[in-house]
Amino acid sequence: MDQLTICKTCSKEVAKSASTCPHCGAKLKMSVFQKVLIVIGVFFAINLILILLNLVVSTRYFSNKSTSTTTSEPANEIPRVPAQPSK
Ligand SMILES: [Zn+2]
């Protein structure tokens, strides 16, 4: 027993298992290829957003750095003391 759905194109009842409408021939289901394409597209979109965010953050960071370090770089501003052995 196939469940029925309504075709969006011709608004007739079509079996849900059908990939295309038998009345008007419109595609009812997305093919696996289309689904994969959408997944890849979303993946690339998220990556693009992350890359853009990284660019914005890094440019801000570097601009702040350049303004703060106008003079020569303080090489030994904070003397790194090695971990002292516990007595
Ligand atoms: Zn149809």
# chains A, B, ... in the order shown; residues from 1 in each chain; ligands from 1
$ closest_atom_pairs --of "chain A" --to "ligand 1" --cutoff "6 Å" --atoms "only C-alpha atoms and all ligand atoms" --output "CSV"
residue,atom,partner,partner_atom_place_in_ligand_line,distance
A:Cys7,CA,ligand 1,1 (Zn),4.6
A:Thr9,CA,ligand 1,1 (Zn),4.9
A:Cys10,CA,ligand 1,1 (Zn),4.1
A:Lys12,CA,ligand 1,1 (Zn),5.9
A:Cys21,CA,ligand 1,1 (Zn),4.6
A:His23,CA,ligand 1,1 (Zn),4.9
A:Cys24,CA,ligand 1,1 (Zn),4.2
A:Gly25,CA,ligand 1,1 (Zn),6.0
A:Ala26,CA,ligand 1,1 (Zn),5.5
$ residues_around --residues "A:Ser31" --least-positions-apart "4" --cutoff "9 Å" --atoms "only C-alpha atoms" --output "PyMOL selection string"
chain A and resi 19+35-36
$ write_last_selection --atoms "C-alpha atoms" --output "compact mmCIF listing (two decimals), in the first residue's frame"
# COMPACT_ATOMS: atom_id res chain seq x y z
CA SER A 19 9.99 9.52 -8.29
CA LYS A 35 21.05 15.31 -2.26
CA VAL A 36 24.82 14.80 -2.43
$ closest_residue --among "A:Ile51, A:Glu13, A:Thr5, A:Ile46" --to "A:Lys29" --atoms "only C-alpha atoms"
A:Thr5
$ residues_around --residues "A:Ala18" --least-positions-apart "4" --cutoff "10 Å" --atoms "only C-alpha atoms" --output "CSV table (one decimal) with C-alpha atoms, in the first residue's frame"
chain,number,residue,atom,x,y,z
A,2,ASP,CA,1.7,3.2,-1.2
A,4,LEU,CA,-0.3,9.1,-1.5
A,5,THR,CA,1.0,12.6,-1.8
A,14,VAL,CA,0.6,10.5,-6.7
A,22,PRO,CA,2.6,9.9,-13.7
A,27,LYS,CA,9.9,15.3,-10.4
A,28,LEU,CA,8.6,14.5,-6.9
A,29,LYS,CA,11.7,13.2,-5.1
$ atom_distance --atom1 "atom CA of A:Asn54" --atom2 "atom CA of A:Ile38"
24.1 Å
$ atom_distance --atom1 "atom CA of A:Ser58" --atom2 "atom CA of A:Ile40"
26.5 Å
